[in-house]
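Visitor: Here you go, structure_13.cif (mmCIF, C-alpha atoms and all ligand atoms):
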data_upload
#
loop_
_atom_site.label_atom_id
_atom_site.label_comp_id
_atom_site.auth_asym_id
_atom_site.auth_seq_id
_atom_site.Cartn_x
_atom_site.Cartn_y
_atom_site.Cartn_z
CA MET A 1237 17.89 17.66 -0.65
CA ASN A 1238 14.31 16.45 -0.41
CA LYS A 1239 12.04 16.66 2.61
CA ARG A 1240 12.30 13.88 5.19
CA SER A 1241 10.57 10.78 3.94
CA ALA A 1242 10.56 7.07 4.78
CA ALA A 1243 12.61 4.40 3.04
CA ILE A 1244 12.42 0.65 3.26
CA THR A 1245 15.96 -0.22 4.33
CA ALA A 1246 15.64 -3.96 5.06
CA VAL A 1247 13.32 -6.89 4.52
CA GLY A 1248 12.76 -10.09 6.51
CA GLY A 1249 10.47 -13.05 6.07
CA TYR A 1250 9.40 -16.35 7.51
CA VAL A 1251 7.34 -19.26 6.24
CA PRO A 1252 6.69 -22.44 8.22
CA GLU A 1253 8.38 -25.62 7.01
CA THR A 1254 5.26 -27.76 6.61
CA LYS A 1255 3.98 -27.78 3.03
CA LEU A 1256 0.38 -28.47 2.06
CA THR A 1257 0.40 -29.39 -1.62
CA ASN A 1258 -2.47 -29.58 -4.10
CA PHE A 1259 -2.03 -33.34 -3.98
CA ASP A 1260 -2.48 -33.31 -0.20
CA LEU A 1261 -5.70 -31.32 -0.68
CA GLU A 1262 -6.95 -33.86 -3.23
CA LYS A 1263 -7.09 -36.32 -0.33
CA MET A 1264 -8.99 -33.88 1.91
CA VAL A 1265 -11.69 -32.34 -0.34
CA ASP A 1266 -13.21 -32.89 -3.78
CA THR A 1267 -10.60 -31.00 -5.81
CA ASN A 1268 -7.62 -31.67 -8.02
CA ASP A 1269 -4.20 -30.25 -8.76
CA GLU A 1270 -5.15 -29.31 -12.33
CA TRP A 1271 -8.18 -27.24 -11.19
CA ILE A 1272 -6.26 -25.43 -8.47
CA ARG A 1273 -3.28 -24.65 -10.69
CA THR A 1274 -5.29 -23.40 -13.65
CA ARG A 1275 -7.88 -21.45 -11.61
CA THR A 1276 -5.47 -19.90 -9.06
CA GLY A 1277 -1.81 -20.58 -9.96
CA ILE A 1278 -1.19 -22.21 -6.56
CA GLU A 1279 0.80 -25.45 -6.20
CA GLU A 1280 1.49 -25.54 -2.46
CA ARG A 1281 1.21 -23.41 0.66
CA ARG A 1282 2.93 -23.39 4.08
CA ILE A 1283 1.09 -24.29 7.27
CA LEU A 1284 2.12 -23.43 10.85
CA LYS A 1285 1.29 -26.79 12.37
CA GLU A 1286 3.01 -26.76 15.75
CA PRO A 1287 0.50 -26.56 18.62
CA GLY A 1288 0.78 -23.39 20.65
CA LYS A 1289 2.29 -21.39 17.77
CA ALA A 1290 0.55 -18.27 16.52
CA SER A 1291 0.97 -15.37 14.10
CA SER A 1292 3.47 -13.66 16.42
CA ASP A 1293 5.75 -16.72 16.18
CA MET A 1294 6.11 -16.12 12.43
CA ALA A 1295 6.51 -12.35 12.77
CA VAL A 1296 9.32 -12.71 15.31
CA PRO A 1297 11.87 -14.48 13.04
CA ALA A 1298 10.98 -12.13 10.16
CA ILE A 1299 11.79 -9.10 12.33
CA GLN A 1300 14.87 -10.74 13.87
CA GLU A 1301 16.25 -11.21 10.35
CA ILE A 1302 15.96 -7.45 9.83
CA LEU A 1303 17.65 -6.64 13.14
CA LYS A 1304 20.53 -8.93 12.22
CA LYS A 1305 20.92 -7.48 8.72
CA LYS A 1306 20.94 -3.91 10.05
CA ASN A 1307 22.92 -4.66 13.19
CA LEU A 1308 20.17 -3.14 15.32
CA ALA A 1309 19.18 -4.05 18.87
CA PRO A 1310 15.52 -4.82 19.61
CA THR A 1311 15.52 -1.75 21.84
CA ASP A 1312 16.27 0.44 18.78
CA ILE A 1313 12.78 -0.22 17.43
CA ASP A 1314 10.42 2.71 18.02
CA CYS A 1315 7.19 1.22 16.77
CA ILE A 1316 5.80 -2.05 15.41
CA ILE A 1317 2.76 -2.00 13.16
CA CYS A 1318 1.36 -5.48 12.67
CA ALA A 1319 -1.04 -6.05 9.78
CA THR A 1320 -3.07 -9.17 10.42
CA VAL A 1321 -6.57 -10.64 10.50
CA THR A 1322 -5.38 -13.62 12.52
CA PRO A 1323 -4.08 -11.97 15.68
CA ASP A 1324 -2.81 -14.28 18.42
CA MET A 1325 -5.78 -13.15 20.52
CA VAL A 1326 -8.67 -10.72 20.04
CA PHE A 1327 -6.72 -8.53 22.45
CA PRO A 1328 -4.07 -7.48 23.27
CA ALA A 1329 -2.64 -6.52 19.90
CA THR A 1330 -0.23 -8.97 18.30
CA ALA A 1331 2.20 -6.07 17.94
CA ASN A 1332 2.48 -5.98 21.74
CA ILE A 1333 3.11 -9.70 21.90
CA ILE A 1334 5.77 -9.48 19.18
CA ALA A 1335 7.49 -6.61 21.00
CA ASP A 1336 7.59 -8.69 24.17
CA LYS A 1337 8.92 -11.78 22.39
CA ILE A 1338 11.77 -9.93 20.64
CA GLY A 1339 12.61 -7.65 23.55
CA ALA A 1340 11.57 -4.41 21.84
CA SER A 1341 10.97 -2.75 25.19
CA ASN A 1342 11.14 0.80 23.80
CA ALA A 1343 8.55 0.19 21.12
CA TRP A 1344 4.89 0.99 21.08
CA GLY A 1345 2.74 -0.65 18.48
CA PHE A 1346 -0.64 -1.65 17.24
CA ASP A 1347 -2.42 -4.01 14.89
CA MET A 1348 -4.01 -3.02 11.63
CA SER A 1349 -6.92 -5.00 10.33
CA ALA A 1350 -7.32 -4.52 6.61
CA ALA A 1351 -7.15 -8.15 5.43
CA CYS A 1352 -5.11 -8.55 2.24
CA SER A 1353 -4.49 -4.80 2.02
CA GLY A 1354 -3.21 -4.70 5.60
CA PHE A 1355 0.44 -4.42 4.64
CA LEU A 1356 -0.22 -1.43 2.36
CA TYR A 1357 -2.32 0.32 4.99
CA ALA A 1358 0.42 -0.33 7.57
CA LEU A 1359 3.21 0.73 5.23
CA THR A 1360 1.48 4.05 4.56
CA THR A 1361 0.85 4.59 8.28
CA GLY A 1362 4.45 3.72 9.16
CA THR A 1363 5.68 6.09 6.47
CA MET A 1364 3.72 8.92 8.05
CA LEU A 1365 5.17 8.14 11.47
CA ILE A 1366 8.68 8.48 10.02
CA GLU A 1367 7.73 11.61 8.07
CA SER A 1368 6.45 13.18 11.30
CA GLY A 1369 10.05 13.38 12.48
CA ARG A 1370 9.36 11.60 15.76
CA TYR A 1371 10.50 8.08 14.91
CA GLN A 1372 13.66 6.55 13.44
CA ASN A 1373 13.01 2.82 13.22
CA VAL A 1374 9.52 1.60 12.43
CA ILE A 1375 8.81 -2.07 11.74
CA VAL A 1376 5.90 -2.91 9.49
CA VAL A 1377 5.05 -6.59 9.56
CA GLY A 1378 2.36 -8.41 7.59
CA VAL A 1379 1.52 -11.79 9.10
CA ASP A 1380 -1.31 -14.26 8.91
CA LYS A 1381 -1.89 -17.75 10.16
CA MET A 1382 -4.78 -18.33 7.78
CA SER A 1383 -4.83 -22.04 8.61
CA ALA A 1384 -6.31 -21.02 11.98
CA ILE A 1385 -9.51 -19.73 10.32
CA ILE A 1386 -9.86 -22.03 7.31
CA ASP A 1387 -12.37 -24.84 7.06
CA TYR A 1388 -10.43 -27.73 5.52
CA THR A 1389 -13.68 -29.32 4.36
CA ASP A 1390 -14.58 -26.26 2.23
CA ARG A 1391 -12.88 -26.60 -1.14
CA ALA A 1392 -13.75 -23.03 -2.13
CA THR A 1393 -11.46 -21.52 0.52
CA CYS A 1394 -9.02 -24.16 1.76
CA ILE A 1395 -7.15 -24.38 -1.54
CA ILE A 1396 -6.24 -20.70 -1.55
CA PHE A 1397 -4.79 -19.74 1.78
CA GLY A 1398 -1.46 -20.32 3.53
CA ASP A 1399 0.57 -19.03 6.49
CA GLY A 1400 3.55 -16.69 6.54
CA ALA A 1401 5.09 -13.40 7.65
CA GLY A 1402 7.04 -10.62 5.99
CA ALA A 1403 8.46 -7.46 7.51
CA VAL A 1404 10.20 -4.27 6.46
CA LEU A 1405 12.16 -1.65 8.35
CA LEU A 1406 11.26 1.98 7.66
CA GLN A 1407 13.91 4.61 8.34
CA PRO A 1408 14.13 8.33 7.54
CA THR A 1409 15.79 9.52 4.36
CA GLU A 1410 16.27 12.82 2.62
CA GLU A 1411 17.25 11.13 -0.64
CA ALA A 1412 14.92 10.74 -3.61
CA GLU A 1413 14.31 7.09 -2.73
CA GLY A 1414 11.58 5.97 -0.35
CA VAL A 1415 7.85 5.44 -0.09
CA LYS A 1416 6.66 8.05 -2.57
CA ASP A 1417 2.89 7.84 -2.88
CA SER A 1418 -0.07 5.74 -1.97
CA ILE A 1419 -3.72 5.49 -2.91
CA LEU A 1420 -5.76 3.52 -0.40
CA ARG A 1421 -9.46 2.78 -0.61
CA SER A 1422 -12.16 0.95 1.32
CA ASP A 1423 -15.80 0.04 0.83
CA GLY A 1424 -17.43 -1.62 3.80
CA SER A 1425 -20.45 -2.69 1.76
CA GLY A 1426 -18.20 -5.40 0.34
CA ARG A 1427 -17.98 -7.12 3.73
CA GLN A 1428 -20.82 -9.45 2.81
CA TYR A 1429 -18.57 -11.26 0.32
CA LEU A 1430 -15.59 -11.93 2.58
CA HIS A 1431 -15.76 -12.05 6.37
CA MET A 1432 -15.84 -14.18 9.48
CA LYS A 1433 -19.42 -14.51 10.67
CA ALA A 1434 -18.90 -14.99 14.41
CA GLY A 1435 -16.41 -14.28 17.16
CA GLY A 1436 -16.83 -10.50 17.12
CA SER A 1437 -19.19 -8.33 19.17
CA LEU A 1438 -21.93 -8.83 16.59
CA LYS A 1439 -22.06 -12.56 17.18
CA PRO A 1440 -19.93 -13.67 20.12
CA ALA A 1441 -18.62 -17.22 20.16
CA SER A 1442 -21.14 -19.79 21.37
CA VAL A 1443 -21.72 -23.50 20.99
CA GLU A 1444 -24.10 -22.66 18.12
CA THR A 1445 -21.57 -20.52 16.24
CA VAL A 1446 -18.95 -23.23 16.52
CA LEU A 1447 -21.35 -25.94 15.32
CA ALA A 1448 -22.40 -23.70 12.42
CA LYS A 1449 -18.70 -23.29 11.44
CA GLU A 1450 -18.99 -19.53 11.74
CA HIS A 1451 -15.43 -19.00 12.95
CA TYR A 1452 -13.98 -19.78 9.54
CA ALA A 1453 -13.30 -17.36 6.70
CA TYR A 1454 -16.38 -17.04 4.51
CA GLN A 1455 -15.80 -15.99 0.92
CA GLU A 1456 -17.94 -15.64 -2.19
CA GLY A 1457 -15.02 -16.11 -4.51
CA GLN A 1458 -16.53 -14.98 -7.80
CA ALA A 1459 -17.84 -11.70 -6.41
CA VAL A 1460 -14.51 -10.94 -4.71
CA PHE A 1461 -12.69 -11.87 -7.91
CA LYS A 1462 -14.68 -9.35 -9.98
CA PHE A 1463 -14.14 -6.48 -7.52
CA ALA A 1464 -10.46 -7.41 -7.07
CA VAL A 1465 -9.65 -7.32 -10.77
CA LYS A 1466 -11.22 -3.89 -11.20
CA GLY A 1467 -10.10 -2.44 -7.87
CA MET A 1468 -6.45 -3.40 -8.09
CA ALA A 1469 -6.09 -2.45 -11.74
CA ASP A 1470 -7.91 0.89 -11.40
CA VAL A 1471 -5.97 2.09 -8.40
CA SER A 1472 -2.61 1.03 -9.86
CA ALA A 1473 -3.35 2.85 -13.12
CA GLU A 1474 -4.45 5.95 -11.15
CA LEU A 1475 -1.24 5.88 -9.10
CA LEU A 1476 0.90 5.80 -12.25
CA GLU A 1477 -1.10 8.57 -13.86
CA ARG A 1478 -0.98 10.97 -10.95
CA ASN A 1479 2.79 10.54 -10.67
CA GLN A 1480 3.33 10.81 -14.44
CA LEU A 1481 4.82 7.33 -14.54
CA THR A 1482 4.53 4.98 -17.49
CA ALA A 1483 4.97 1.21 -17.64
CA ASP A 1484 8.54 1.78 -18.86
CA ASP A 1485 9.38 3.61 -15.62
CA ILE A 1486 8.29 0.66 -13.47
CA ALA A 1487 10.86 -1.99 -12.61
CA TRP A 1488 8.51 -4.24 -10.64
CA LEU A 1489 4.86 -4.76 -9.87
CA VAL A 1490 4.39 -6.39 -6.47
CA PRO A 1491 0.80 -7.64 -6.50
CA HIS A 1492 -1.15 -9.27 -3.72
CA GLN A 1493 -0.99 -13.02 -4.34
CA ALA A 1494 -4.65 -14.10 -4.26
CA ASN A 1495 -5.12 -15.50 -7.72
CA LEU A 1496 -2.76 -15.57 -10.71
CA ARG A 1497 -5.61 -14.45 -12.96
CA ILE A 1498 -6.12 -11.27 -10.88
CA ILE A 1499 -2.36 -10.62 -10.99
CA ASP A 1500 -2.28 -11.04 -14.80
CA ALA A 1501 -5.25 -8.71 -15.26
CA THR A 1502 -3.58 -5.99 -13.15
CA ALA A 1503 -0.26 -6.33 -14.98
CA ASN A 1504 -2.01 -6.20 -18.38
CA ARG A 1505 -3.94 -3.08 -17.42
CA MET A 1506 -0.66 -1.40 -16.42
CA GLY A 1507 1.02 -2.55 -19.63
CA LEU A 1508 3.65 -4.53 -17.72
CA PRO A 1509 5.26 -7.70 -19.12
CA LYS A 1510 5.35 -10.82 -16.94
CA GLU A 1511 9.09 -10.43 -16.32
CA LYS A 1512 8.36 -7.32 -14.25
CA VAL A 1513 5.79 -8.98 -12.00
CA MET A 1514 6.70 -10.66 -8.72
CA ILE A 1515 4.82 -13.95 -8.45
CA ASN A 1516 5.35 -16.50 -5.67
CA ILE A 1517 1.73 -17.61 -5.28
CA GLN A 1518 2.67 -21.08 -6.56
CA LYS A 1519 4.70 -21.82 -3.41
CA TYR A 1520 2.95 -19.87 -0.65
CA GLY A 1521 -0.68 -19.43 -1.80
CA ASN A 1522 -2.53 -16.44 -0.36
CA THR A 1523 -0.96 -15.46 2.96
CA THR A 1524 -3.25 -12.40 3.28
CA ALA A 1525 -1.24 -9.54 4.91
CA ALA A 1526 2.06 -11.33 4.28
CA THR A 1527 1.99 -11.69 0.49
CA LEU A 1528 3.54 -8.31 -0.39
CA PRO A 1529 6.48 -8.36 2.06
CA LEU A 1530 7.10 -12.04 1.24
CA CYS A 1531 7.50 -11.00 -2.41
CA LEU A 1532 9.98 -8.27 -1.40
CA TRP A 1533 11.80 -10.88 0.70
CA ASP A 1534 12.03 -13.34 -2.18
CA TRP A 1535 13.13 -10.67 -4.69
CA GLU A 1536 15.32 -8.53 -2.41
CA LYS A 1537 18.57 -9.52 -4.11
CA GLN A 1538 17.24 -8.49 -7.52
CA LEU A 1539 16.07 -5.05 -6.40
CA LYS A 1540 18.33 -2.12 -7.24
CA LYS A 1541 18.58 1.31 -5.68
CA GLY A 1542 16.29 3.66 -7.60
CA ASP A 1543 13.96 0.94 -8.93
CA ASN A 1544 10.37 2.13 -9.12
CA ILE A 1545 8.11 -0.53 -7.72
CA VAL A 1546 4.34 -0.54 -7.37
CA LEU A 1547 2.74 -2.63 -4.64
CA ALA A 1548 -0.97 -3.34 -5.14
CA ALA A 1549 -3.52 -5.24 -3.10
CA PHE A 1550 -7.20 -6.02 -2.77
CA GLY A 1551 -8.92 -7.80 0.09
CA GLY A 1552 -11.69 -8.22 2.59
CA GLY A 1553 -13.53 -5.13 3.72
CA PHE A 1554 -13.37 -4.40 0.87
CA THR A 1555 -10.00 -2.75 1.15
CA TRP A 1556 -7.61 -2.02 -1.67
CA GLY A 1557 -4.79 0.23 -2.74
CA ALA A 1558 -1.49 0.78 -4.50
CA THR A 1559 1.79 2.26 -3.27
CA TRP A 1560 4.75 3.60 -5.24
CA VAL A 1561 8.14 2.88 -3.68
CA LYS A 1562 11.51 3.99 -5.03
CA TRP A 1563 13.79 1.23 -3.78
CA ALA A 1564 16.49 2.59 -1.47
CA TYR A 1565 19.36 0.11 -1.54
CA ASP A 1566 21.29 -2.53 -3.44
CA SER A 1567 21.46 -5.86 -1.67
CA GLU A 1568 24.91 -7.16 -0.82
O1 LIG B 1 -7.16 -12.33 -0.96
C1 LIG B 1 -8.42 -11.89 -0.58
C2 LIG B 1 -9.26 -11.65 -1.75
N1 LIG B 1 -9.64 -12.91 -2.33
C3 LIG B 1 -9.54 -13.09 -3.63
O2 LIG B 1 -9.07 -12.24 -4.33
C4 LIG B 1 -10.11 -14.38 -4.19
C5 LIG B 1 -10.87 -14.10 -5.45
N2 LIG B 1 -11.55 -15.26 -5.96
C6 LIG B 1 -10.91 -16.30 -6.54
O3 LIG B 1 -9.71 -16.34 -6.59
C7 LIG B 1 -11.75 -17.34 -7.22
O4 LIG B 1 -13.10 -16.93 -7.26
C8 LIG B 1 -11.67 -18.76 -6.57
C9 LIG B 1 -10.29 -19.33 -6.77
C10 LIG B 1 -12.01 -18.64 -5.09
C11 LIG B 1 -12.68 -19.70 -7.24
O5 LIG B 1 -12.43 -19.73 -8.64
P1 LIG B 1 -13.60 -19.46 -9.66
O6 LIG B 1 -13.02 -19.59 -10.99
O7 LIG B 1 -14.25 -18.15 -9.33
O8 LIG B 1 -14.55 -20.68 -9.37
P2 LIG B 1 -16.11 -20.65 -9.07
O9 LIG B 1 -16.35 -20.37 -7.64
O10 LIG B 1 -16.82 -19.83 -10.08
O11 LIG B 1 -16.46 -22.17 -9.36
C12 LIG B 1 -16.38 -22.73 -10.69
C13 LIG B 1 -16.65 -24.20 -10.58
C14 LIG B 1 -17.88 -24.54 -9.74
O12 LIG B 1 -18.46 -25.73 -10.30
P3 LIG B 1 -19.74 -25.64 -11.27
O13 LIG B 1 -20.80 -24.97 -10.44
O14 LIG B 1 -19.32 -24.82 -12.43
O15 LIG B 1 -19.99 -27.06 -11.58
C15 LIG B 1 -17.31 -24.86 -8.39
O16 LIG B 1 -18.14 -25.73 -7.65
O17 LIG B 1 -15.55 -24.85 -9.91
C16 LIG B 1 -16.02 -25.56 -8.77
N3 LIG B 1 -15.01 -25.47 -7.72
C17 LIG B 1 -14.02 -26.35 -7.61
N4 LIG B 1 -13.69 -27.43 -8.31
C18 LIG B 1 -12.59 -28.10 -7.93
C19 LIG B 1 -14.90 -24.52 -6.77
N5 LIG B 1 -13.81 -24.77 -6.01
C20 LIG B 1 -13.25 -25.91 -6.51
C21 LIG B 1 -12.13 -26.65 -6.17
N6 LIG B 1 -11.83 -27.73 -6.90
N7 LIG B 1 -11.33 -26.32 -5.13
#
I'd like the structure from this file rewritten - as structure tokens, please.
Ligand code: UT7
Guide:
Amino acid sequence: MNKRSAAITAVGGYVPETKLTNFDLEKMVDTNDEWIRTRTGIEERRILKEPGKASSDMAVPAIQEILKKKNLAPTDIDCIICATVTPDMVFPATANIIADKIGASNAWGFDMSAACSGFLYALTTGTMLIESGRYQNVIVVGVDKMSAIIDYTDRATCIIFGDGAGAVLLQPTEEAEGVKDSILRSDGSGRQYLHMKAGGSLKPASVETVLAKEHYAYQEGQAVFKFAVKGMADVSAELLERNQLTADDIAWLVPHQANLRIIDATANRMGLPKEKVMINIQKYGNTTAATLPLCLWDWEKQLKKGDNIVLAAFGGGFTWGATWVKWAYDSE
């Protein structure tokens, strides 16, 4: 018997139906399918178009899928941790709104703002809540409606991002499977390369900030790219080393889906062949906090109990990290 730890026992996901293809973008900005595919690996992304719909409206179906799979009532949920940089509102937390919408009246919850690493930060936090012994059912959801903060006249950012949500259920286990280890890092000096200029307490919204387009995501792509390649690869290699794992021990790498070239560089550094790398960037683009759980959602049926998987991410902040999970179940 091992000590009480946390296992992922179900996965849910949601992507909006509307597709925005590279060919659609060709008509909106000076770009082309060939450039986007070769520089990023993206072919299309999903956009939540319906007026009045927000991040919580994507998180809700993802979580409801989990409840259905596990035959749980919404009132069984103890806590909801929502990783997002596109909350429904500045406050209250989107986690509260989600809880209300699904009827999780026994749950407390909070949002976690760590951009593309948000899901890993939230997964580690949720794991510790389970390990504390006080909670049985913790939902960790990564969701972003990036289309709400993207300037569709800026070809440097609008080609990358998409909308979506992915969620996992964490439950206690005393088996060897579960969330085994995590290395998380942050460096706030990187904020200059990827941020939203206005709308916070530093620069509250005003007519001027709107006219200056300061409520959109601002990114210096090349600088972020350089840090991302090094950050994701370094931390993944460190995680393997400190757990005496080799590439042969790893069944799957689950990398943040920001750019296929960053994913390839991380896999190469870990010595992993392409067949062991989850890649769905071509159909969803970069959904920020949702990329990792959306990969788990897409691959769930292929995952086997005991599989060692490494999740790795890098994003705004800068924030980055890697988490080792021993998969806890075979899908029916
Ligand atoms: O998930 C959060 C973390 N974010 C990331 O990890 C993103 C990391 N960065 C990237 O993925 C890449 O930097 C981008 C995909 C954003 C850009 O790719 P890049 O290879 O770094 O392009 P670049 O910015 O160096 O631009 C190369 C050229 C430039 O033209 P010149 O100056 O060489 O003539 C750009 O103007 O490509 C041009 N360009 C484009 N051309 C066609 C930039 N964007 C586009 C575009 N279509 N959409």
Visitor: Show me which residues are within 8 Å of ligand LIG 1 (chain B) counting all atoms listed in the file, and format the list as an MDAnalysis selection string.
Guide: chainID A and resid 1265:1268 1271:1272 1275:1276 1351:1352 1391:1396 1430 1455:1462 1464 1492:1495 1497:1498 1522:1524 1550:1552
Visitor: Find, counting only C-alpha atoms, the residue in A:Met1264, A:Cys1531, A:Ala1412, A:Met1382 that gets nearest to Tyr1452 of chain A.
Guide: A:Met1382
Visitor: Please provide the set of residues having any atom within 7 Å of Asp1347 of chain A, restricted to only C-alpha atoms, with same-chain residues fewer than 2 positions apart removed, written as a list in words.
Guide: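 The contact residues come out as Ile1317, Cys1318, Ala1319, Thr1320, Ala1329, Thr1330, Ala1331 and Ser1349 of chain A.
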Visitor: Please determine, counting all atoms listed in the file, which residue among A:Tyr1250, A:Tyr1454, A:Trp1533, A:Phe1355 has the shortest atom-to-atom distance to Leu1547 of chain A.
Guide: A:Phe1355
Visitor: Grab the atom CA of Glu1262 of chain A to atom CA of Thr1389 of chain A distance for me, in Å with one decimal place.
Guide: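 A separation of 11.1 Å between them.
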Visitor: Would you list the contacts of segment 1436-1448 of chain A as a VMD selection string, taking every protein, DNA or RNA residue within 12 Å and counting only C-alpha atoms, but skipping same-chain residues closer than 6 positions in sequence?
Guide: chain A and resid 1325 to 1327 1385 1387 1454
Visitor: Write out as a ChimeraX atom specification each polymer residue whose atoms come within 12 Å of Gly1345 of chain A, counting only C-alpha atoms; drop sequence neighbours fewer than 5 positions from it.
Guide: /A:1313-1319,1328-1336,1340,1358,1361-1362,1365,1374-1377
Visitor: Given the point (14.3, -3.5, 10.8) in the coordinates of this file, which residues lie within 12 Å, counting all atoms listed in the file, and how would they look as a PyMOL selection string?
Guide: chain A and resi 1243-1249+1295-1317+1340+1372-1377+1402-1407
Visitor: As a list in words, please: the residues near Glu1286 of chain A (cut-off 10 Å, all atoms listed in the file, same-chain neighbours under 3 positions excluded).
Guide: Pro1252, Thr1254, Ile1283, Lys1289 and Ala1290 of chain A
Visitor: Separation of atom CA of Gly1557 of chain A and atom CA of Ser1472 of chain A, in Å?
Guide: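 Distance reported for this atom pair: 7.5 Å.
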Visitor: Closest to Ala1501 of chain A among A:Phe1463, A:Trp1535, A:Trp1556, A:Trp1488, using all atoms listed in the file?
Guide: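 Checking each candidate against Ala1501 of chain A, we get A:Phe1463 as the closest.
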Visitor: Point out the residue among A:Ala1487, A:Ala1469, A:Ile1366, A:Leu1528 with the least atom-to-atom distance to Arg1505 of chain A, counting only C-alpha atoms.
Guide: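 Of A:Ala1487, A:Ala1469, A:Ile1366, A:Leu1528, the one nearest Arg1505 of chain A, counting only C-alpha atoms, is A:Ala1469.
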Visitor: Can you pull out every residue within 10 Å of Ser1368 of chain A, counting all atoms listed in the file, but drop anything in the same chain fewer than 6 positions away, and send it as number ranges by chain?
Guide: A: 1240-1242, 1362, 1408
Visitor: So what do you get for atom CA of Ile1486 of chain A versus atom CA of Ile1545 of chain A, distance-wise?
Guide: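 Rounded to one decimal, the two atoms are 5.9 Å apart.
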Visitor: Looking at A:Val1415, A:Val1465, A:Leu1532, A:Ile1338, which one is nearest to Lys1562 of chain A, with distances taken over all atoms listed in the file?
Guide: A:Val1415
